[in-house]
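> Here it is, the structure in full.
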Amino acid sequence: MPHKDRATQRDYAKEYHQRNKAKHNEYNKTYQKQHPRQRNNYLKGYRKGIKIAAFEAYGGCVCACCGETHLEFLSIDHVDGGGAEHRRQLGKNHGPGARFYAWLKNQGFPPGYRVLCMNCNASIGWYGYCPHGKAEGILSRTQQQPAAQLALFPNGNLS
Ligand SMILES: [Zn+2]
Ligand SMILES: [Zn+2]
């Protein structure tokens with residue numbers, strides 16, 4: 001009888017699903033035991049720790065230009081430029097910037113770096129200045145005009 005068969009099939013599918021669910025849960029538990037999350041948290045904490053230590057060595061967890069304080073937006077900027085190149089050389093094996101911050105720490109936080117947020121960093125990197133204007137006094141980066149500035153303002157007129 002087809003009707004009964006379908007009912008049996010449905011029951012079977014339900015049971016199969018339940019059994020699989022249990023198996024899945026069991027698998028997840030084992031996986032989590034073998035790959036404890038604490039290790040991830042530890043690494044994240046470690047990265048955050050050396051980042052904050054670096055910021056503190058260069059004036060605190062605040063953008064030297066606009067005063068941004070969200071850690072997620074902040075990074076160490078090489079005052080004379082070339083920071084990106086240096087970071088590329090150091091590689092990214094340990095997460096964004098972690099190796100760079102570790103390197104700074106190992107060097108005893110040498111002078112020539114500052115804390116900037118992404119916006120100010122990008123603007124200074126591309127245009128050689130930041131529209132906030134507050135970084136003017138500390139800008140020593142651009143002796144020559146950056147390429148982006150030349151392309152956008154070929155007459156050298158920035159306003
Ligand atoms: Zn900023
Ligand atoms: Zn700025």
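Residues are referred to by chain and number: the chain letter is A, B, ... according to the order shown in the structure tokens, the number counts from 1 in that chain, and ligands are numbered separately from 1 in the order shown.
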List as CSV every residue of chain A that is in contact with ligand 2, defined as an atom at most 6 Å from one of its atoms (using only C-alpha atoms and all ligand atoms), together with the nearest atom pair and the distance in Å rounded to one decimal, sorted by chain and then rising number.


```
residue,atom,partner,partner_atom_place_in_ligand_line,distance
A:Cys65,CA,ligand 2,1 (Zn),4.5
A:Cys66,CA,ligand 2,1 (Zn),4.7
A:Cys120,CA,ligand 2,1 (Zn),4.0
A:Cys130,CA,ligand 2,1 (Zn),4.7
A:His132,CA,ligand 2,1 (Zn),4.4
```

> Find the spatial neighbours of A:Ala57, counting only C-alpha atoms, within a cut-off of 10 Å - ignore same-chain residues fewer than 4 positions away - and output them as a PyMOL selection string.

chain A and resi 51-53+61+104-105+108-111+113-115

> Smallest atom-to-atom distance to ligand 1: which of A:Gly49, A:Gly67, A:Gly133, A:Gly60, using only C-alpha atoms and all ligand atoms?

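Closest to ligand 1 of all the choices is A:Gly67.
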
> Grab me every residue within 12 Å of ligand 1, counting only C-alpha atoms and all ligand atoms, and send it over as a PyMOL selection string.

chain A and resi 61-77+114-124+129-135

> Take the residues just selected and output them with N, CA and C atoms as a tab-separated table (two decimals), in the first residue's frame.


```
chain	number	residue	atom	x	y	z
A	61	CYS	N	46.32	55.38	22.18
A	61	CYS	CA	45.37	54.79	21.24
A	61	CYS	C	44.47	55.88	20.67
A	62	VAL	N	45.07	56.79	19.95
A	62	VAL	CA	44.30	57.90	19.39
A	62	VAL	C	45.00	58.40	18.12
A	63	CYS	N	44.18	58.71	17.11
A	63	CYS	CA	44.76	59.20	15.85
A	63	CYS	C	45.43	60.55	16.08
A	64	ALA	N	46.68	60.66	15.65
A	64	ALA	CA	47.43	61.89	15.87
A	64	ALA	C	46.82	63.05	15.10
A	65	CYS	N	45.97	62.75	14.14
A	65	CYS	CA	45.37	63.81	13.33
A	65	CYS	C	43.96	64.16	13.79
A	66	CYS	N	43.05	63.20	13.78
A	66	CYS	CA	41.64	63.53	14.00
A	66	CYS	C	41.14	63.11	15.38
A	67	GLY	N	41.94	62.36	16.14
A	67	GLY	CA	41.52	61.99	17.48
A	67	GLY	C	40.68	60.73	17.53
A	68	GLU	N	40.55	60.03	16.40
A	68	GLU	CA	39.83	58.75	16.37
A	68	GLU	C	40.43	57.81	17.42
A	69	THR	N	39.54	57.13	18.20
A	69	THR	CA	40.07	56.27	19.27
A	69	THR	C	39.67	54.81	19.10
A	70	HIS	N	38.88	54.48	18.09
A	70	HIS	CA	38.51	53.08	17.89
A	70	HIS	C	39.72	52.30	17.40
A	71	LEU	N	40.11	51.30	18.20
A	71	LEU	CA	41.30	50.50	17.88
A	71	LEU	C	41.24	49.93	16.47
A	72	GLU	N	40.02	49.55	16.06
A	72	GLU	CA	39.87	48.90	14.75
A	72	GLU	C	40.31	49.81	13.61
A	73	PHE	N	40.25	51.12	13.82
A	73	PHE	CA	40.58	52.07	12.76
A	73	PHE	C	42.03	52.52	12.82
A	74	LEU	N	42.71	52.20	13.91
A	74	LEU	CA	44.03	52.78	14.12
A	74	LEU	C	45.15	51.87	13.63
A	75	SER	N	46.21	52.48	13.19
A	75	SER	CA	47.40	51.72	12.83
A	75	SER	C	48.61	52.63	12.99
A	76	ILE	N	49.77	52.00	12.99
A	76	ILE	CA	51.01	52.77	13.11
A	76	ILE	C	51.43	53.23	11.73
A	77	ASP	N	51.74	54.49	11.63
A	77	ASP	CA	52.14	55.06	10.34
A	77	ASP	C	53.61	55.46	10.40
A	114	ARG	N	53.98	57.03	14.09
A	114	ARG	CA	52.89	57.71	14.80
A	114	ARG	C	51.60	56.92	14.60
A	115	VAL	N	50.63	57.20	15.43
A	115	VAL	CA	49.33	56.52	15.33
A	115	VAL	C	48.41	57.34	14.45
A	116	LEU	N	47.87	56.71	13.42
A	116	LEU	CA	46.89	57.38	12.57
A	116	LEU	C	45.71	56.43	12.32
A	117	CYS	N	44.53	57.01	12.10
A	117	CYS	CA	43.39	56.18	11.73
A	117	CYS	C	43.46	55.91	10.23
A	118	MET	N	42.61	54.99	9.78
A	118	MET	CA	42.61	54.59	8.37
A	118	MET	C	42.39	55.80	7.45
A	119	ASN	N	41.44	56.65	7.82
A	119	ASN	CA	41.10	57.79	6.96
A	119	ASN	C	42.29	58.73	6.79
A	120	CYS	N	42.86	59.14	7.91
A	120	CYS	CA	43.95	60.11	7.85
A	120	CYS	C	45.16	59.47	7.17
A	121	ASN	N	45.41	58.20	7.52
A	121	ASN	CA	46.53	57.47	6.94
A	121	ASN	C	46.39	57.41	5.42
A	122	ALA	N	45.18	57.06	4.96
A	122	ALA	CA	44.94	56.91	3.52
A	122	ALA	C	45.08	58.25	2.82
A	123	SER	N	44.51	59.28	3.41
A	123	SER	CA	44.56	60.60	2.78
A	123	SER	C	46.00	61.09	2.68
A	124	ILE	N	46.75	60.93	3.76
A	124	ILE	CA	48.15	61.37	3.74
A	124	ILE	C	48.94	60.53	2.75
A	129	TYR	N	48.47	65.01	2.38
A	129	TYR	CA	47.94	65.83	3.46
A	129	TYR	C	46.62	65.22	3.91
A	130	CYS	N	46.09	65.68	5.06
A	130	CYS	CA	44.78	65.22	5.50
A	130	CYS	C	43.84	66.41	5.57
A	131	PRO	N	42.59	66.28	5.07
A	131	PRO	CA	41.67	67.42	5.09
A	131	PRO	C	41.35	67.91	6.50
A	132	HIS	N	41.58	67.06	7.52
A	132	HIS	CA	41.37	67.54	8.89
A	132	HIS	C	42.31	68.70	9.20
A	133	GLY	N	43.47	68.67	8.54
A	133	GLY	CA	44.42	69.76	8.71
A	133	GLY	C	45.25	69.68	9.97
A	134	LYS	N	44.82	68.88	10.93
A	134	LYS	CA	45.49	68.89	12.23
A	134	LYS	C	46.84	68.19	12.19
A	135	ALA	N	47.07	67.39	11.17
A	135	ALA	CA	48.34	66.66	11.10
A	135	ALA	C	49.41	67.50	10.43
```

> Would you mind reading off the distance between atom CA of A:Val79 and atom CA of A:Ala102, one decimal, in Å?

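Straight-line distance from atom CA of A:Val79 to atom CA of A:Ala102 works out to 18.3 Å.
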
> Please indicate the distance in Å from atom CA of A:Arg99 to atom CA of A:Asn41, rounded to one decimal place.

17.5 Å
